[in-house]
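Structure below is data20.txt: compact mmCIF, C-alpha atoms and all ligand atoms.
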```
# COMPACT_ATOMS: atom_id res chain seq x y z
CA MET J 168 -39.71 9.57 -18.59
CA GLY J 169 -38.49 9.94 -22.20
CA ARG J 170 -37.05 13.41 -21.80
CA THR J 171 -35.64 15.35 -18.91
CA ILE J 172 -37.95 18.00 -17.61
CA GLY J 173 -37.42 21.50 -18.92
CA HIS J 174 -33.76 22.24 -19.42
CA PRO J 175 -30.69 22.47 -17.20
CA LEU J 176 -31.20 25.76 -15.42
CA HIS J 177 -28.43 28.27 -14.90
CA HIS J 178 -28.69 30.31 -11.76
CA ASN J 179 -27.14 33.12 -9.89
CA ASP J 180 -24.67 30.63 -8.41
CA GLY J 181 -25.03 28.01 -11.12
CA MET J 182 -25.37 25.37 -8.45
CA THR J 183 -28.78 25.75 -6.80
CA ILE J 184 -32.33 25.29 -8.07
CA ARG J 185 -34.46 27.92 -6.35
CA VAL J 186 -37.90 26.39 -5.77
CA GLY J 187 -41.11 28.35 -5.20
CA LEU J 188 -43.63 26.41 -3.10
CA ILE J 189 -47.39 26.84 -3.52
CA GLY J 190 -49.19 25.38 -0.50
CA ALA J 191 -47.78 25.23 3.05
CA GLY J 192 -50.01 22.43 4.37
CA ASN J 193 -48.79 19.01 5.55
CA ILE J 194 -47.21 17.84 2.32
CA GLY J 195 -46.01 21.28 1.22
CA THR J 196 -44.25 21.79 4.55
CA SER J 197 -42.68 18.34 4.29
CA HIS J 198 -41.42 19.09 0.77
CA ALA J 199 -40.07 22.51 1.82
CA ARG J 200 -38.10 21.02 4.69
CA ASP J 201 -36.72 18.26 2.45
CA LEU J 202 -35.70 20.79 -0.21
CA ALA J 203 -34.10 23.12 2.34
CA PHE J 204 -32.33 20.58 4.52
CA ALA J 205 -32.17 17.14 2.84
CA VAL J 206 -31.99 17.56 -0.95
CA SER J 207 -28.70 18.64 -2.53
CA GLY J 208 -28.68 21.38 -5.14
CA ALA J 209 -31.95 22.96 -4.05
CA ALA J 210 -33.24 25.85 -1.95
CA VAL J 211 -36.72 27.18 -1.24
CA SER J 212 -36.78 30.79 -2.37
CA ALA J 213 -40.52 31.56 -2.14
CA VAL J 214 -43.65 30.32 -0.35
CA PHE J 215 -47.31 31.08 -1.04
CA ASP J 216 -50.29 29.84 0.94
CA ALA J 217 -53.87 31.12 1.18
CA ASP J 218 -53.14 31.35 4.91
CA ALA J 219 -50.60 34.21 4.87
CA GLU J 220 -49.43 33.49 8.41
CA ARG J 221 -48.72 29.87 7.54
CA ALA J 222 -46.78 30.97 4.48
CA HIS J 223 -44.78 33.46 6.53
CA ASP J 224 -43.94 30.93 9.24
CA LEU J 225 -42.73 28.28 6.78
CA ALA J 226 -40.83 30.85 4.71
CA SER J 227 -39.03 31.99 7.87
CA GLU J 228 -38.15 28.39 8.73
CA VAL J 229 -36.62 27.55 5.34
CA GLY J 230 -35.10 30.92 4.47
CA ALA J 231 -37.63 31.88 1.76
CA ILE J 232 -39.70 34.94 0.91
CA PRO J 233 -43.48 34.76 1.57
CA PHE J 234 -45.65 35.73 -1.40
CA ALA J 235 -49.21 37.09 -1.25
CA ARG J 236 -50.20 35.70 -4.68
CA ALA J 237 -49.37 32.39 -6.38
CA ASP J 238 -49.09 34.06 -9.79
CA ASP J 239 -46.46 36.48 -8.46
CA LEU J 240 -44.47 33.55 -7.07
CA ILE J 241 -44.67 31.68 -10.40
CA GLY J 242 -43.46 34.77 -12.30
CA SER J 243 -40.73 35.72 -9.85
CA PRO J 244 -37.17 35.87 -11.27
CA ASP J 245 -36.04 34.37 -7.96
CA VAL J 246 -38.01 31.18 -8.67
CA ASP J 247 -36.43 28.69 -11.08
CA ALA J 248 -38.96 25.90 -10.52
CA VAL J 249 -42.35 25.55 -8.83
CA LEU J 250 -43.71 22.88 -6.48
CA ILE J 251 -47.53 22.79 -6.43
CA ALA J 252 -48.83 21.45 -3.11
CA SER J 253 -52.11 23.38 -2.92
CA PRO J 254 -55.59 21.84 -2.61
CA ASP J 255 -56.42 19.39 -5.42
CA ASP J 256 -58.88 21.70 -7.23
CA ALA J 257 -56.20 24.38 -7.69
CA HIS J 258 -53.55 22.16 -9.31
CA ALA J 259 -54.60 22.46 -12.95
CA GLU J 260 -54.85 26.27 -13.09
CA GLN J 261 -51.53 26.67 -11.28
CA ALA J 262 -49.86 24.12 -13.57
CA LEU J 263 -51.17 26.06 -16.59
CA ALA J 264 -49.69 29.28 -15.14
CA CYS J 265 -46.34 27.53 -14.63
CA LEU J 266 -46.37 26.29 -18.24
CA ALA J 267 -47.19 29.80 -19.48
CA ALA J 268 -44.24 31.12 -17.45
CA GLY J 269 -41.95 28.36 -18.73
CA LYS J 270 -41.25 27.18 -15.17
CA PRO J 271 -40.47 23.47 -14.53
CA THR J 272 -43.02 22.15 -12.06
CA LEU J 273 -43.49 19.29 -9.64
CA CYS J 274 -47.27 18.98 -9.25
CA GLU J 275 -48.70 17.04 -6.33
CA LYS J 276 -51.35 14.48 -7.24
CA PRO J 277 -53.91 14.65 -8.67
CA LEU J 278 -53.17 16.76 -11.75
CA ALA J 279 -56.89 17.59 -11.46
CA PRO J 280 -59.94 15.82 -10.03
CA GLU J 281 -61.73 16.32 -13.37
CA GLU J 282 -60.29 14.81 -16.57
CA SER J 283 -61.27 17.86 -18.66
CA ASP J 284 -59.03 20.06 -16.50
CA ALA J 285 -56.17 17.56 -16.61
CA LEU J 286 -56.49 17.45 -20.41
CA ARG J 287 -56.11 21.25 -20.62
CA VAL J 288 -52.75 20.93 -18.87
CA VAL J 289 -51.55 18.15 -21.18
CA GLU J 290 -52.68 20.10 -24.25
CA ALA J 291 -50.84 23.22 -23.01
CA GLU J 292 -47.64 21.26 -22.36
CA VAL J 293 -47.82 19.60 -25.80
CA ALA J 294 -48.41 23.00 -27.41
CA GLY J 295 -45.30 24.29 -25.63
CA GLY J 296 -43.29 21.43 -27.13
CA ARG J 297 -41.31 20.47 -24.04
CA ARG J 298 -41.82 18.49 -20.83
CA LEU J 299 -41.95 20.84 -17.84
CA ILE J 300 -44.24 18.93 -15.47
CA MET J 301 -43.39 16.03 -13.17
CA MET J 302 -46.25 14.51 -11.18
CA GLY J 303 -45.94 13.82 -7.45
CA PHE J 304 -46.57 10.09 -7.72
CA MET J 305 -43.79 9.47 -5.23
CA ARG J 306 -44.44 5.73 -4.83
CA ARG J 307 -42.49 5.24 -8.08
CA PHE J 308 -39.43 6.24 -6.00
CA ASP J 309 -40.31 4.11 -2.97
CA PRO J 310 -37.68 1.39 -2.35
CA GLY J 311 -40.48 -1.05 -1.43
CA TYR J 312 -42.32 -0.64 -4.74
CA SER J 313 -39.03 -0.65 -6.68
CA SER J 314 -38.09 -3.97 -5.04
CA LEU J 315 -41.55 -5.36 -5.78
CA LYS J 316 -41.32 -4.36 -9.44
CA ALA J 317 -37.95 -6.17 -9.66
CA GLU J 318 -39.72 -9.41 -8.62
CA LEU J 319 -41.94 -9.43 -11.69
CA GLY J 320 -40.98 -11.50 -14.75
CA ALA J 321 -39.23 -14.77 -15.53
CA SER J 322 -36.45 -14.36 -12.96
CA GLY J 323 -38.97 -13.81 -10.17
CA ILE J 324 -42.65 -14.60 -9.77
CA GLY J 325 -43.36 -14.99 -13.47
CA GLU J 326 -46.08 -13.19 -15.38
CA PRO J 327 -48.37 -11.15 -13.10
CA LEU J 328 -51.95 -12.47 -12.84
CA ILE J 329 -53.49 -10.69 -9.85
CA VAL J 330 -52.50 -7.61 -7.80
CA ASN J 331 -53.99 -7.01 -4.35
CA ASN J 332 -53.64 -3.49 -2.96
CA ILE J 333 -54.49 -2.23 0.52
CA HIS J 334 -54.54 1.53 1.17
CA ARG J 335 -55.74 2.53 4.64
CA ASN J 336 -55.71 6.01 6.14
CA MET J 337 -56.06 6.52 9.87
CA SER J 338 -58.87 9.08 9.58
CA ALA J 339 -60.37 11.73 7.32
CA PRO J 340 -59.16 15.07 8.69
CA TYR J 341 -60.45 16.91 5.61
CA GLY J 342 -63.79 15.08 5.59
CA LEU J 343 -64.81 11.95 3.68
CA ALA J 344 -66.42 11.92 0.25
CA SER J 345 -66.41 8.59 -1.64
CA GLU J 346 -65.69 10.24 -4.98
CA ARG J 347 -62.74 12.17 -3.49
CA THR J 348 -61.44 8.87 -2.12
CA LEU J 349 -61.03 7.86 -5.77
CA THR J 350 -59.52 11.11 -7.11
CA ASN J 351 -57.26 11.93 -4.13
CA MET J 352 -56.40 8.63 -2.42
CA VAL J 353 -56.84 5.70 -4.84
CA ILE J 354 -55.22 7.87 -7.53
CA HIS J 355 -51.94 6.49 -6.15
CA GLU J 356 -52.91 2.90 -6.89
CA PHE J 357 -54.27 3.90 -10.32
CA ASP J 358 -50.78 5.20 -11.13
CA ILE J 359 -48.52 2.73 -9.34
CA ASN J 360 -50.18 -0.38 -10.78
CA ARG J 361 -49.75 1.01 -14.33
CA TRP J 362 -46.10 1.54 -13.44
CA LEU J 363 -45.69 -1.91 -11.85
CA LEU J 364 -47.37 -3.79 -14.73
CA ASP J 365 -46.29 -1.43 -17.50
CA GLU J 366 -49.69 -1.60 -19.14
CA GLU J 367 -53.03 0.22 -19.26
CA TYR J 368 -56.41 -0.62 -17.77
CA ALA J 369 -59.37 -1.89 -19.80
CA SER J 370 -62.14 -1.63 -17.20
CA VAL J 371 -63.00 -0.61 -13.64
CA GLN J 372 -65.67 -1.66 -11.15
CA VAL J 373 -66.32 -0.32 -7.64
CA LEU J 374 -67.95 -2.47 -4.94
CA THR J 375 -69.41 -1.03 -1.75
CA GLY J 376 -70.59 -3.06 1.23
CA ARG J 377 -71.09 -2.28 4.86
CA SER J 378 -69.58 1.10 5.78
CA GLY J 379 -67.88 1.81 9.07
CA PRO J 380 -69.49 3.80 11.88
CA TYR J 381 -67.37 6.89 11.11
CA THR J 382 -68.72 7.22 7.56
CA PRO J 383 -70.85 10.34 6.84
CA ASP J 384 -74.40 9.75 5.58
CA GLY J 385 -74.48 9.05 1.85
CA GLU J 386 -70.81 8.15 1.64
CA ARG J 387 -69.18 4.69 1.50
CA ASP J 388 -66.04 3.60 3.32
CA PRO J 389 -64.27 1.23 2.67
CA LEU J 390 -64.44 0.85 -1.12
CA LEU J 391 -63.28 -2.15 -3.16
CA VAL J 392 -62.06 -1.15 -6.63
CA ILE J 393 -61.49 -3.91 -9.21
CA LEU J 394 -59.64 -3.11 -12.44
CA GLN J 395 -58.66 -5.34 -15.33
CA THR J 396 -55.68 -4.47 -17.48
CA THR J 397 -55.56 -4.74 -21.27
CA SER J 398 -53.73 -8.10 -20.92
CA GLY J 399 -56.29 -9.34 -18.35
CA VAL J 400 -54.41 -8.87 -15.07
CA LEU J 401 -56.87 -8.32 -12.20
CA VAL J 402 -56.00 -5.37 -9.93
CA GLU J 403 -57.91 -5.14 -6.66
CA ILE J 404 -57.72 -2.08 -4.38
CA GLU J 405 -59.16 -1.82 -0.88
CA ALA J 406 -59.42 1.86 0.07
CA PHE J 407 -60.33 2.51 3.68
CA VAL J 408 -60.22 6.13 4.80
CA ASN J 409 -61.26 5.74 8.46
CA ALA J 410 -59.17 2.68 9.34
CA ARG J 411 -58.49 4.20 12.78
CA TYR J 412 -55.49 1.99 13.73
CA GLY J 413 -52.98 3.78 11.49
CA TYR J 414 -51.74 4.33 7.95
CA GLU J 415 -50.97 1.21 5.94
CA VAL J 416 -50.18 0.49 2.28
CA ILE J 417 -49.62 -3.08 1.11
CA CYS J 418 -49.23 -4.44 -2.42
CA ARG J 419 -49.12 -8.15 -3.31
CA VAL J 420 -48.47 -9.38 -6.85
CA THR J 421 -49.28 -13.01 -7.65
CA GLY J 422 -47.71 -14.36 -10.82
CA SER J 423 -47.45 -17.56 -12.81
CA GLU J 424 -44.46 -18.77 -10.76
CA GLY J 425 -45.03 -17.24 -7.34
CA SER J 426 -46.07 -14.22 -5.30
CA ALA J 427 -44.36 -11.15 -3.83
CA VAL J 428 -45.72 -8.71 -1.25
CA MET J 429 -44.55 -5.21 -0.29
CA GLY J 430 -45.60 -4.39 3.26
CA ASP J 431 -45.24 -1.41 5.49
CA GLY J 432 -41.56 -0.67 5.04
CA SER J 433 -38.69 -1.62 7.31
CA TYR J 434 -40.46 -0.89 10.61
CA VAL J 435 -38.92 -2.64 13.60
CA THR J 436 -40.84 -5.42 15.39
CA ARG J 437 -40.41 -5.02 19.13
CA SER J 438 -40.71 -7.94 21.56
CA ALA J 439 -40.79 -6.81 25.16
CA ARG J 440 -42.74 -7.15 28.38
CA GLY J 441 -44.76 -10.05 27.07
CA HIS J 442 -45.78 -8.29 23.86
CA ARG J 443 -44.52 -8.26 20.21
CA GLY J 444 -45.47 -5.80 17.52
CA GLN J 445 -44.70 -2.78 15.36
CA ALA J 446 -45.59 0.85 15.60
CA VAL J 447 -47.98 1.77 12.77
CA PRO J 448 -47.39 5.06 10.98
CA GLU J 449 -50.10 7.71 11.39
CA LEU J 450 -49.52 9.36 8.03
CA TRP J 451 -48.06 8.84 4.57
CA LEU J 452 -45.33 11.32 5.49
CA GLY J 453 -43.80 8.64 7.71
CA ARG J 454 -44.32 5.55 5.53
CA PHE J 455 -43.15 7.29 2.32
CA ALA J 456 -40.54 9.70 3.74
CA ASP J 457 -37.76 8.13 1.63
CA ALA J 458 -39.92 8.13 -1.50
CA TYR J 459 -40.73 11.83 -1.15
CA ARG J 460 -37.08 12.75 -0.63
CA LEU J 461 -35.85 10.53 -3.48
CA GLN J 462 -38.48 12.01 -5.78
CA LEU J 463 -37.41 15.57 -4.93
CA GLN J 464 -33.72 14.74 -5.40
CA SER J 465 -34.48 13.19 -8.79
CA TRP J 466 -36.46 16.27 -9.85
CA ILE J 467 -33.68 18.65 -8.78
CA ASP J 468 -31.02 16.48 -10.43
CA GLN J 469 -33.00 16.43 -13.69
CA LEU J 470 -33.40 20.21 -13.61
CA SER J 471 -29.68 20.58 -12.95
CA GLY J 472 -28.85 18.40 -15.96
CA ARG J 473 -27.34 15.75 -13.67
CA GLY J 474 -30.15 13.21 -13.38
CA ARG J 475 -31.53 10.59 -15.74
CA PRO J 476 -35.19 10.95 -16.80
CA ALA J 477 -37.50 9.56 -14.11
CA GLY J 478 -40.86 10.13 -12.50
CA ALA J 479 -44.43 10.48 -13.70
CA SER J 480 -45.37 12.96 -16.42
CA ALA J 481 -48.43 15.14 -16.90
CA TRP J 482 -49.67 12.40 -19.23
CA ASP J 483 -49.48 9.90 -16.35
CA GLY J 484 -51.38 12.42 -14.24
CA TYR J 485 -54.04 12.74 -16.95
CA VAL J 486 -54.42 8.96 -17.29
CA ALA J 487 -54.75 8.52 -13.52
CA THR J 488 -57.49 11.15 -13.44
CA ILE J 489 -59.30 9.49 -16.38
CA VAL J 490 -59.29 6.19 -14.48
CA ALA J 491 -60.49 7.93 -11.30
CA ASN J 492 -63.35 9.54 -13.26
CA ARG J 493 -64.33 6.14 -14.76
CA ALA J 494 -64.24 4.70 -11.24
CA ILE J 495 -66.64 7.44 -10.14
CA GLN J 496 -68.97 6.43 -12.98
CA ALA J 497 -68.67 2.81 -11.80
CA LEU J 498 -69.41 3.84 -8.21
CA ARG J 499 -72.48 5.81 -9.24
CA SER J 500 -73.83 3.17 -11.66
CA GLY J 501 -72.85 -0.02 -9.85
CA VAL J 502 -71.64 -1.56 -13.12
CA ARG J 503 -68.23 -2.19 -14.71
CA ILE J 504 -67.08 0.75 -16.83
CA GLY J 505 -64.67 0.54 -19.78
CA VAL J 506 -61.45 2.60 -19.69
CA ASP J 507 -60.65 3.97 -23.14
CA LEU J 508 -57.57 6.16 -23.28
CA PRO J 509 -56.81 8.74 -25.98
CA GLU J 510 -53.67 8.28 -28.04
CA ARG J 511 -50.49 9.22 -26.15
CA PRO J 512 -48.87 12.33 -27.74
CA PRO J 513 -45.27 11.88 -28.98
CA LEU J 514 -44.05 14.28 -26.28
CA TYR J 515 -44.74 11.52 -23.76
CA THR J 516 -43.32 8.48 -25.57
C1 LIG J 601 -52.80 11.89 0.61
O1 LIG J 601 -53.13 13.09 -0.07
C2 LIG J 601 -51.65 11.24 -0.06
O2 LIG J 601 -51.21 11.60 -1.11
C3 LIG J 601 -51.22 9.98 0.57
O3 LIG J 601 -50.10 9.45 -0.12
C4 LIG J 601 -52.38 9.02 0.52
O4 LIG J 601 -52.01 7.80 1.13
C5 LIG J 601 -53.56 9.62 1.25
O5 LIG J 601 -54.63 8.71 1.21
C6 LIG J 601 -53.97 10.92 0.58
O6 LIG J 601 -55.06 11.48 1.27
```
Encoded form using structure tokens:
Amino acid sequence: MGRTIGHPLHHNDGMTIRVGLIGAGNIGTSHARDLAFAVSGAAVSAVFDADAERAHDLASEVGAIPFARADDLIGSPDVDAVLIASPDDAHAEQALACLAAGKPTLCEKPLAPEESDALRVVEAEVAGGRRLIMMGFMRRFDPGYSSLKAELGASGIGEPLIVNNIHRNMSAPYGLASERTLTNMVIHEFDINRWLLDEEYASVQVLTGRSGPYTPDGERDPLLVILQTTSGVLVEIEAFVNARYGYEVICRVTGSEGSAVMGDGSYVTRSARGHRGQAVPELWLGRFADAYRLQLQSWIDQLSGRGRPAGASAWDGYVATIVANRAIQALRSGVRIGVDLPERPPLYT
């Protein structure tokens, strides 16, 4: 990130960033607990959720005040920065409110399911003249992906030629819609492969074949997404929502001199009683626990004026949503769709 987010904030004690949380679901609760108990220099001062009881319970657990309205939380003088962990469709409007209030924000992915909404956020941040938004693409902080990125280039596997991604969820607790698979789930691969390869996409295609028995009528699961970058690298993504056996993310990069693969973290292989194997995580909260905490610590450090610029920007969020929307066009049409990006504003260079 070319600039630190916002500006070093000065607080009642000068030491702590007081974070207001919007959304007390799975990921919001995980973030709140990290901020309260695992991230230095931070506290959770406010919690809003559409479910008032859920907001109250989490606020009590982390020592925060429950709020009845998100806008009141955003405007509160006891909130220095905002973490948006609400449902996807609410992100853009809440990010716009944070920008209007001048509050630094960590926005969970996606910035918006629709590119027009994501663009409104980017335009508002550019108009404000300073970077306030960091996107919750936490895989950029994952030690596995960082190690994989270090393998690329002359000292490692050479120039990347093909990337194979596997992204499997255990089930679809919030329901399965193929287009949401692209804007909510595969959005991670749309971002992390840009970050790994440090280049943009030129086209996207989506293949569908036989769907599993747990797939709702009219939907497709798994999907096979095939992108090509502007330099010609092929990026393949298998997205399987109802994989049933567990949560698994794998990324293999094959280059001109070799190949490197990032598997499912440092999980122990147990050999006992005539069997050998590993426990498989149920959720992303387990597989990416370090990444989430490292991302939050980086955000807080940047806001405190201690940390170097890092993390995905609102522009990265906008680009990921553009690619997801082109993938939806490819899914609907069955043909390869070009990915043409607008010019990147200077604020994001
Ligand atoms: C979820 O919202 C996440 O962000 C997880 O990282 C991802 O693996 C999962 O598929 C999404 O539903």
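The smallest atom-to-atom distance between ligand LIG 601 (chain J) and any of J:Ala491, J:Met305, J:Ala369, J:Val420, using all atoms listed in the file, is found for J:Met305.
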Each chain J residue no farther than 6 Å from ligand LIG 601 (chain J), nearest pair in Å, only C-alpha atoms and all ligand atoms, as CSV:
```
residue,atom,partner,partner_atom,distance
J:Asn336,CA,J:LIG601,O5,5.7
J:Asn351,CA,J:LIG601,C6,5.8
J:Met352,CA,J:LIG601,O5,4.0
J:Trp451,CA,J:LIG601,O3,5.2
```
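The protein and nucleic acid residues lying at most 9 Å from Cys265 in chain J are Asp238, Ile241, Gly242, Ala248, Val249, Glu260, Gln261, Gly269, Lys270, Pro271, Thr272, Leu299 and Ile300 of chain J, with only C-alpha atoms considered and sequence neighbours fewer than 4 positions away removed.
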Closest atom pairs, range 353-468 of chain J residues within 12 Å of range 481-490 of chain J, all atoms listed in the file, as CSV:
```
residue,atom,partner,partner_atom,distance
J:Val353,CA,J:Ala487,CA,9.4
J:Ile354,CA,J:Ala487,CA,6.0
J:His355,CA,J:Ala487,CA,8.1
J:Glu356,CA,J:Ala487,CA,8.9
J:Phe357,CA,J:Ala487,CA,5.6
J:Asp358,CA,J:Ala487,CA,5.7
J:Ile359,CA,J:Ala487,CA,9.5
J:Asn360,CA,J:Ala487,CA,10.4
J:Arg361,CA,J:Ala487,CA,9.1
J:Trp362,CA,J:Asp483,CA,9.5
J:Asp365,CA,J:Asp483,CA,11.8
J:Glu366,CA,J:Val486,CA,11.7
J:Glu367,CA,J:Val486,CA,9.1
J:Tyr368,CA,J:Val490,CA,8.1
J:Ala369,CA,J:Val490,CA,9.7
J:Ser370,CA,J:Val490,CA,8.8
J:Val371,CA,J:Val490,CA,7.8
J:Gln372,CA,J:Val490,CA,10.6
J:Val373,CA,J:Val490,CA,11.8
J:Val392,CA,J:Val490,CA,11.1
J:Ile393,CA,J:Val490,CA,11.6
J:Leu394,CA,J:Val490,CA,9.5
J:Gln395,CA,J:Val490,CA,11.6
J:Thr396,CA,J:Val490,CA,11.6
```
Those selected residues, please, written with C-alpha atoms and delivered as a compact mmCIF listing (two decimals), keeping the file's coordinate frame.
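The result, stored in selection36.txt:
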```
# COMPACT_ATOMS: atom_id res chain seq x y z
CA VAL J 353 -56.84 5.70 -4.84
CA ILE J 354 -55.22 7.87 -7.53
CA HIS J 355 -51.94 6.49 -6.15
CA GLU J 356 -52.91 2.90 -6.89
CA PHE J 357 -54.27 3.90 -10.32
CA ASP J 358 -50.78 5.20 -11.13
CA ILE J 359 -48.52 2.73 -9.34
CA ASN J 360 -50.18 -0.38 -10.78
CA ARG J 361 -49.75 1.01 -14.33
CA TRP J 362 -46.10 1.54 -13.44
CA ASP J 365 -46.29 -1.43 -17.50
CA GLU J 366 -49.69 -1.60 -19.14
CA GLU J 367 -53.03 0.22 -19.26
CA TYR J 368 -56.41 -0.62 -17.77
CA ALA J 369 -59.37 -1.89 -19.80
CA SER J 370 -62.14 -1.63 -17.20
CA VAL J 371 -63.00 -0.61 -13.64
CA GLN J 372 -65.67 -1.66 -11.15
CA VAL J 373 -66.32 -0.32 -7.64
CA VAL J 392 -62.06 -1.15 -6.63
CA ILE J 393 -61.49 -3.91 -9.21
CA LEU J 394 -59.64 -3.11 -12.44
CA GLN J 395 -58.66 -5.34 -15.33
CA THR J 396 -55.68 -4.47 -17.48
```
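The spacing separating CA of Ala235 in chain J from CA of Leu278 in chain J amounts to 23.2 Å.
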